[in-house]
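Participant: Contents are compact mmCIF, C-alpha atoms; file name coords-v5.txt:
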# COMPACT_ATOMS: atom_id res chain seq x y z
CA MET L 229 9.75 -6.78 -7.32
CA ASN L 230 12.77 -7.77 -5.27
CA LEU L 231 12.99 -8.14 -1.51
CA MET L 232 14.08 -4.57 -0.81
CA GLU L 233 11.28 -3.15 -2.97
CA TYR L 234 8.73 -5.22 -1.04
CA LYS L 235 10.15 -4.00 2.26
CA THR L 236 10.01 -0.40 1.08
CA LEU L 237 6.42 -0.84 -0.09
CA SER L 238 5.50 -2.41 3.25
CA LEU L 239 7.06 0.45 5.19
CA ASP L 240 5.39 3.08 3.01
CA PHE L 241 2.02 1.37 3.36
CA ARG L 242 2.30 1.20 7.14
CA ARG L 243 3.05 4.91 7.19
CA VAL L 244 0.08 5.81 4.99
CA SER L 245 -2.31 3.51 6.88
CA SER L 246 -1.08 4.83 10.23
CA ASN L 247 -1.73 8.37 9.02
CA LEU L 248 -5.28 7.32 8.14
CA LEU L 249 -6.06 5.57 11.42
CA THR L 250 -4.66 8.46 13.49
CA ALA L 251 -6.29 11.20 11.41
CA ASP L 252 -7.89 14.23 13.01
CA ALA L 253 -11.49 15.09 12.28
CA ASP L 254 -10.38 18.02 10.12
CA ASN L 255 -8.03 16.06 7.84
CA ALA L 256 -9.59 12.59 7.85
CA PHE L 257 -11.13 12.85 4.38
CA ILE L 258 -7.89 13.84 2.66
CA LYS L 259 -6.03 11.03 4.45
CA LEU L 260 -8.75 8.60 3.42
CA LYS L 261 -8.32 9.64 -0.21
CA ARG L 262 -4.53 9.39 0.07
CA PHE L 263 -4.91 5.88 1.47
CA LYS L 264 -7.14 4.85 -1.43
CA LEU L 265 -4.79 6.47 -3.96
CA PHE L 266 -1.80 4.63 -2.49
CA ILE L 267 -3.59 1.29 -2.74
CA ASP L 268 -4.75 1.86 -6.31
CA SER L 269 -1.39 3.18 -7.50
CA SER L 270 0.47 0.09 -6.26
CA PRO L 271 0.20 -2.84 -8.70
CA ILE L 272 1.27 -5.23 -5.94
CA ILE L 273 -1.37 -4.14 -3.42
CA THR L 274 -4.00 -3.96 -6.14
CA LYS L 275 -3.19 -7.53 -7.13
CA ILE L 276 -3.31 -8.66 -3.47
CA ILE L 277 -6.80 -7.25 -3.10
CA GLN L 278 -8.21 -8.12 -6.50
CA THR L 279 -7.00 -11.71 -6.29
CA ARG L 280 -9.35 -12.13 -3.35
CA ILE L 281 -12.36 -10.10 -4.48
CA SER L 282 -12.47 -9.79 -8.28
CA LYS L 283 -14.89 -12.68 -8.79
CA LEU L 284 -17.14 -11.89 -5.86
CA GLU L 285 -20.51 -10.20 -5.88
CA PHE L 286 -21.37 -8.51 -2.62
CA ASP L 287 -23.02 -5.21 -1.77
CA PHE L 288 -20.98 -3.29 0.78
CA ARG L 289 -24.28 -2.03 2.25
CA ASP L 290 -24.84 -5.55 3.57
CA CYS L 291 -21.79 -5.00 5.75
CA PHE L 292 -21.99 -1.25 6.31
CA LEU L 293 -25.64 -0.66 7.18
CA ILE L 294 -25.83 2.99 6.11
CA ASP L 295 -29.36 3.11 4.71
CA THR L 296 -31.03 3.02 8.11
CA VAL L 297 -33.71 5.69 8.31
CA GLN L 298 -33.76 5.76 12.09
CA GLY L 299 -31.07 4.95 14.64
CA HIS L 300 -27.32 4.61 14.24
CA HIS L 301 -25.57 3.08 11.27
CA GLN L 302 -23.88 -0.27 11.94
CA ILE L 303 -21.00 -2.39 10.73
CA ILE L 304 -21.76 -6.11 10.58
CA PRO L 305 -18.82 -7.94 8.92
CA PRO L 306 -19.66 -11.06 6.93
CA VAL L 307 -18.20 -14.33 8.16
CA ASP L 308 -16.36 -14.85 4.87
CA GLU L 309 -13.12 -12.83 5.05
CA ASP L 310 -13.00 -12.26 1.29
CA LEU L 311 -16.47 -10.72 1.35
CA HIS L 312 -15.39 -8.48 4.21
CA ILE L 313 -12.34 -7.35 2.22
CA LYS L 314 -14.55 -6.57 -0.76
CA ALA L 315 -17.05 -4.67 1.41
CA GLN L 316 -14.29 -2.54 2.92
CA TYR L 317 -12.67 -1.75 -0.41
CA ASP L 318 -15.99 -0.91 -2.07
CA TYR L 319 -17.09 1.26 0.87
CA LEU L 320 -13.71 3.01 0.76
CA SER L 321 -14.24 3.65 -2.95
CA TYR L 322 -17.75 4.93 -2.30
CA LEU L 323 -16.64 7.39 0.38
CA CYS L 324 -13.74 8.69 -1.70
CA SER L 325 -16.08 9.33 -4.63
CA GLN L 326 -18.19 11.65 -2.47
CA ASP L 327 -17.47 15.25 -1.48
CA ILE L 328 -18.23 14.70 2.19
CA ASP L 329 -17.16 15.53 5.72
CA ILE L 330 -16.02 12.34 7.45
CA ARG L 331 -17.29 13.75 10.72
CA GLY L 332 -20.84 13.50 9.43
CA VAL L 333 -20.30 9.90 8.35
CA ALA L 334 -18.59 8.84 11.57
CA PHE L 335 -21.22 10.51 13.72
CA GLN L 336 -23.86 8.16 12.30
CA PHE L 337 -22.09 5.19 13.90
CA VAL L 338 -22.08 4.41 17.62
CA SER L 339 -19.08 5.86 19.45
CA LYS L 340 -17.87 5.66 23.04
CA SER L 341 -16.64 9.25 22.98
CA GLY L 342 -18.13 12.68 22.55
CA LYS L 343 -14.96 14.16 21.04
CA TRP L 344 -14.82 14.60 17.28
CA ASN L 345 -11.30 13.24 16.84
CA ASP L 346 -12.17 10.11 18.85
CA ILE L 347 -15.43 9.61 16.96
CA VAL L 348 -13.67 9.81 13.59
CA ARG L 349 -10.77 7.55 14.61
CA GLU L 350 -13.10 4.96 16.10
CA PHE L 351 -15.06 4.89 12.85
CA LEU L 352 -11.93 4.58 10.69
CA ASP L 353 -10.58 1.82 12.91
CA LYS L 354 -13.79 -0.21 12.80
CA ALA L 355 -14.35 0.37 9.10
CA PHE L 356 -10.88 -0.13 7.63
CA LYS L 357 -8.43 -1.60 10.16
CA PRO L 358 -9.19 -5.18 9.03
CA LEU L 359 -8.31 -4.18 5.45
CA VAL L 360 -5.08 -2.58 6.66
CA ASP L 361 -4.18 -5.72 8.63
CA PHE L 362 -4.89 -7.94 5.63
CA ILE L 363 -2.58 -5.93 3.38
CA VAL L 364 0.18 -5.75 6.02
CA ASP L 365 -0.01 -9.53 6.53
CA SER L 366 0.01 -10.20 2.78
CA LEU L 367 3.08 -8.03 2.20
CA GLY L 368 4.77 -9.64 5.20
CA LYS L 369 4.24 -13.11 3.76
CA GLU L 370 5.78 -12.06 0.44
CA ILE L 371 8.78 -10.61 2.28
CA MET L 372 9.25 -13.86 4.18
CA ILE L 373 9.09 -15.89 0.98
CA LEU L 374 11.53 -13.67 -0.92
CA GLY L 375 13.87 -13.41 2.04
CA GLY L 376 13.80 -17.10 2.81
CA ASP L 377 12.42 -16.13 6.24
CA ARG L 378 15.72 -14.41 7.04
CA SER L 379 14.30 -11.34 8.73
CA MET L 380 16.12 -10.14 11.83
CA GLY L 381 13.62 -11.71 14.15
CA ASN L 382 14.30 -15.13 12.63
CA ASN L 383 17.95 -14.55 11.75
CA ILE L 384 19.27 -13.85 15.21
CA THR L 385 16.88 -15.69 17.47
CA GLN L 386 18.28 -19.17 16.84
CA ASN L 387 21.35 -18.15 18.81
CA ILE L 388 19.33 -15.99 21.15
CA ALA L 389 17.24 -18.91 22.31
CA ASN L 390 20.37 -20.92 23.07
CA ASN L 391 22.19 -18.04 24.82
CA TYR L 392 25.21 -18.24 22.55
CA GLY L 393 26.26 -14.70 23.44
CA ASN L 394 26.37 -11.63 21.23
CA VAL L 395 25.48 -11.86 17.56
CA ASN L 396 27.05 -9.49 15.07
CA ALA L 397 23.93 -8.33 13.24
CA ALA L 398 25.01 -5.17 11.49
CA GLY L 399 28.69 -5.16 10.85
CA ARG L 400 31.71 -3.97 12.82
CA ASP L 401 31.09 -2.79 16.40
CA ALA L 402 27.38 -3.51 16.07
CA THR L 403 26.18 -6.29 18.34
CA ILE L 404 22.76 -7.19 19.64
CA ASN L 405 22.17 -8.32 23.19
CA THR L 406 21.07 -11.91 22.78
CA ASN L 407 19.33 -12.24 26.11
CA LEU L 408 16.28 -11.28 24.07
CA LYS L 409 14.15 -14.21 22.91
CA ALA L 410 12.29 -14.60 19.63
CA ASP L 411 9.01 -13.80 21.34
CA ASP L 412 10.48 -10.53 22.59
CA ILE L 413 11.29 -9.42 19.04
CA GLY L 414 7.68 -10.07 18.09
CA GLU L 415 6.48 -8.25 21.19
CA ILE L 416 8.47 -5.14 20.28
CA LYS L 417 6.82 -5.07 16.87
CA ALA L 418 3.38 -5.68 18.39
CA LEU L 419 3.89 -2.89 20.94
CA ILE L 420 4.90 -0.46 18.23
CA GLU L 421 1.84 -1.32 16.16
CA LYS L 422 -0.36 -0.84 19.22
CA LEU L 423 1.21 2.44 20.32
CA LEU L 424 1.53 4.22 16.98
CA PRO L 425 -2.14 5.29 16.90
CA THR L 426 -1.88 6.72 20.43
CA ILE L 427 0.69 9.32 19.37
CA ALA L 428 -2.06 11.45 17.86
CA ASP L 429 -3.61 11.92 21.31
CA THR L 430 -0.46 13.27 22.96
CA GLN L 431 0.39 16.89 23.61
CA LEU L 432 3.30 16.81 21.17
CA THR L 433 3.45 19.25 18.28
CA ASP L 434 2.65 17.90 14.81
CA GLU L 435 6.37 17.91 13.98
CA GLU L 436 7.24 16.02 17.17
CA LYS L 437 4.50 13.47 16.46
CA GLU L 438 6.01 12.91 13.02
CA PHE L 439 9.51 12.47 14.46
CA LEU L 440 8.27 10.00 17.09
CA THR L 441 6.30 8.04 14.48
CA ASP L 442 9.35 7.90 12.20
CA ASP L 443 11.56 6.62 15.04
CA MET L 444 9.12 3.85 15.92
CA GLU L 445 8.70 2.81 12.30
CA THR L 446 12.50 2.79 11.95
CA ILE L 447 12.73 0.19 14.72
CA THR L 448 10.13 -1.98 12.97
CA GLU L 449 11.99 -1.58 9.68
CA GLN L 450 15.28 -2.67 11.26
CA LEU L 451 13.67 -5.61 13.04
CA GLU L 452 12.46 -6.85 9.67
CA SER L 453 15.77 -6.24 7.91
CA SER L 454 18.14 -9.09 7.09
CA LYS L 455 20.98 -6.64 7.81
CA PRO L 456 19.80 -4.42 10.67
CA LYS L 457 21.86 -1.31 11.34
CA MET L 458 22.61 -0.88 15.03
CA ALA L 459 23.29 2.83 14.60
CA ARG L 460 19.76 3.38 13.27
CA LEU L 461 18.25 1.33 16.09
CA LYS L 462 20.13 3.34 18.72
CA LYS L 463 19.25 6.66 17.10
CA ALA L 464 15.56 5.70 16.96
CA TYR L 465 15.66 4.55 20.59
CA GLU L 466 17.18 7.85 21.72
CA GLY L 467 14.55 9.74 19.74
CA ILE L 468 11.72 7.86 21.44
CA LYS L 469 13.35 8.13 24.87
CA LYS L 470 13.40 11.91 24.52
CA TYR L 471 9.60 11.96 24.61
CA VAL L 472 8.59 8.90 26.62
CA GLY L 473 8.44 9.55 30.34
CA ASN L 474 8.53 13.32 29.96
CA ALA L 475 5.39 14.52 31.71
CA LYS L 476 5.19 17.62 29.53
CA THR L 477 4.57 15.56 26.43
CA GLY L 478 1.73 13.57 27.92
CA ILE L 479 3.11 10.39 26.37
CA THR L 480 3.01 8.23 29.48
CA SER L 481 1.39 10.48 32.02
CA ALA L 482 -1.78 11.23 30.10
CA THR L 483 -2.51 7.97 28.30
CA LEU L 484 -3.82 4.55 29.26
CA PHE L 485 -0.74 2.90 27.76
CA LEU L 486 1.95 3.75 30.32
CA SER L 487 2.94 0.13 30.89
CA ASP L 488 3.12 -0.51 27.14
CA TRP L 489 5.44 2.46 26.57
CA ASN L 490 7.66 1.33 29.45
CA SER L 491 7.72 -2.26 28.15
CA LEU L 492 8.69 -1.03 24.70
CA MET L 493 11.58 1.02 26.05
CA GLU L 494 12.83 -1.83 28.25
CA LYS L 495 12.84 -4.35 25.43
CA VAL L 496 14.50 -2.01 22.94
CA GLU L 497 17.14 -1.18 25.58
CA GLU L 498 17.81 -4.89 25.98
CA LEU L 499 17.90 -5.33 22.22
CA ILE L 500 20.61 -2.71 21.70
CA GLY L 501 22.51 -3.72 24.82
CA LYS L 502 21.98 -0.61 26.91
CA SER L 503 22.40 -0.91 30.63
In structure tokens, what does this structure look like?
Facilitator:
Amino acid sequence: MNLMEYKTLSLDFRRVSSNLLTADADNAFIKLKRFKLFIDSSPIITKIIQTRISKLEFDFRDCFLIDTVQGHHQIIPPVDEDLHIKAQYDYLSYLCSQDIDIRGVAFQFVSKSGKWNDIVREFLDKAFKPLVDFIVDSLGKEIMILGGDRSMGNNITQNIANNYGNVNAAGRDATINTNLKADDIGEIKALIEKLLPTIADTQLTDEEKEFLTDDMETITEQLESSKPKMARLKKAYEGIKKYVGNAKTGITSATLFLSDWNSLMEKVEELIGKS
């Protein structure tokens, strides 16, 4: 696979994994199966996983304590990361082979909430987020190797750090405000990763949630591109701005992440040079 194919795979995986981790109680099982199907249908991701676990012997029930007769089920990850990866993948395979309601599975584990959607999402996050992070990191490393570490965050920040002025990052009439430091680029990406799961809890319609998710993932995609397109960054920013701060949507007024949303908007504004 070439660099662009890896980037496309990475973007598609983030979308599928985000859909899983933000699933509603009613659709969690189908999104779990779609997640498993995506992994198994990608030779690259399959190789990433199997390279780490193919020679290991480990019963996922030693990590996911689901045979308890009394009391809640528990998740106790092994110290060895490879064993944890194997346990997650095997448990994922086990669940997908069953005709079950994820609500019943999630309810067996301790949850801080009494709402079904929260119970299911908390279970999915605890059970499979480490596997998602491992795959994201592995794809990211391959992208860095193939791209010679020339992603946007690394490509423009040499001049950013030295305050050399504007850098032409995407062609004619497309400049990036270079007051932004390398750490700020990373912070934008981290904020997006943190905030994506919170979209499911807003009062937006399903279509609006999809649009907002697409806009945020577009920013991440452009930040990781060796040739970022300013027009796409600005369009994504305007799309997010339409929802953030509008009390009717419940984006900032009804979540615990108001400061994070505001920080994201401020840093993207600085990135694209908006006053």
Participant: Rank nothing, just name the residue among L:Lys343, L:Lys369, L:Lys357, L:Lys457 nearest to Ser245 of chain L, using all atoms listed in the file.
Facilitator: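 The closest residue to Ser245 of chain L is L:Lys357.
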Participant: Would you pick out the contacts of Phe351 of chain L at 12 Å or less, using all atoms listed in the file, so that residues sharing its chain but fewer than 6 positions from it are not included, and give the list as a compact mmCIF listing (two decimals) with C-alpha atoms, in the coordinates of the input?
Facilitator:
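So part.txt came out as:
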# COMPACT_ATOMS: atom_id res chain seq x y z
CA LEU L 248 -5.28 7.32 8.14
CA LEU L 249 -6.06 5.57 11.42
CA THR L 250 -4.66 8.46 13.49
CA ALA L 251 -6.29 11.20 11.41
CA ASP L 252 -7.89 14.23 13.01
CA ALA L 253 -11.49 15.09 12.28
CA ALA L 256 -9.59 12.59 7.85
CA LEU L 260 -8.75 8.60 3.42
CA PHE L 292 -21.99 -1.25 6.31
CA HIS L 301 -25.57 3.08 11.27
CA GLN L 302 -23.88 -0.27 11.94
CA ILE L 303 -21.00 -2.39 10.73
CA ILE L 330 -16.02 12.34 7.45
CA ARG L 331 -17.29 13.75 10.72
CA GLY L 332 -20.84 13.50 9.43
CA VAL L 333 -20.30 9.90 8.35
CA ALA L 334 -18.59 8.84 11.57
CA PHE L 335 -21.22 10.51 13.72
CA GLN L 336 -23.86 8.16 12.30
CA PHE L 337 -22.09 5.19 13.90
CA VAL L 338 -22.08 4.41 17.62
CA SER L 339 -19.08 5.86 19.45
CA LYS L 340 -17.87 5.66 23.04
CA SER L 341 -16.64 9.25 22.98
CA TRP L 344 -14.82 14.60 17.28
CA ASN L 345 -11.30 13.24 16.84
CA LYS L 357 -8.43 -1.60 10.16
Participant: Rounded to one decimal in Å, what is the spacing between atom CA of Glu445 of chain L and atom CA of Asn490 of chain L?
Facilitator: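 The value is 17.2 Å.
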Participant: Looking at L:Ile420, L:Leu492, L:Leu320, L:Ala315, which one is nearest to Phe288 of chain L, with distances taken over only C-alpha atoms?
Facilitator: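 Checking each candidate against Phe288 of chain L, we get L:Ala315 as the closest.
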Participant: Measure the distance from atom CA of Lys264 of chain L to atom CA of His312 of chain L in Å and round it to one decimal.
Facilitator: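 Going from atom CA of Lys264 of chain L over to atom CA of His312 of chain L covers 16.7 Å.
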Participant: When you count all atoms listed in the file, which of these residues is closest to Lys354 of chain L: L:Gly368, L:Gly414, L:Pro271, L:Pro305?
Facilitator: L:Pro305
Participant: Using Å and a single decimal, report how far atom CA of Asp353 of chain L sits from atom CA of Met444 of chain L.
Facilitator: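 Going from atom CA of Met444 of chain L over to atom CA of Asp353 of chain L covers 20.0 Å.
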Participant: Excluding Met493 of chain L and any residue of its chain fewer than 3 positions from it, enumerate the residues within 10 Å of it, using all atoms listed in the file, and give them as a count of residues only.
Facilitator: 14
Participant: Kindly indicate which residue among L:Ser238, L:Asn230, L:Ser491, L:Ser321 lies nearest to Val364 of chain L, using all atoms listed in the file for the distances.
Facilitator: L:Ser238
Participant: How big is the axis-aligned box, and where does its centre sit, when it encloses all atoms of segment 260-278 of chain L listed in the file and has 3 Å added on every side, reported in Å to one decimal as JSON?
Facilitator:
{"center_x": -3.7, "center_y": 0.5, "center_z": -2.6, "size_x": 16.0, "size_y": 24.3, "size_z": 18.1}
Participant: Go through L:Ser270, L:Thr446, L:Val307, L:Leu293 and flag the residue nearest Glu233 of chain L, using all atoms listed in the file for the distances.
Facilitator: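 Counting all atoms listed in the file, the residue closest to Glu233 of chain L is L:Ser270.
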Participant: When distances are computed from all atoms listed in the file, which of L:Ile281, L:Cys291, L:Ile328, L:Ile447 shows the smallest separation from Lys314 of chain L?
Facilitator: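 Result for the nearest residue to Lys314 of chain L: L:Ile281.
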Participant: Pull the neighbourhood of (-9.3, 12.1, 24.7) for me: all residues within 12 Å in file coordinates, counting all atoms listed in the file, as a ChimeraX atom specification.
Facilitator: /L:252,340-347,349-350,426-431,478,482-484
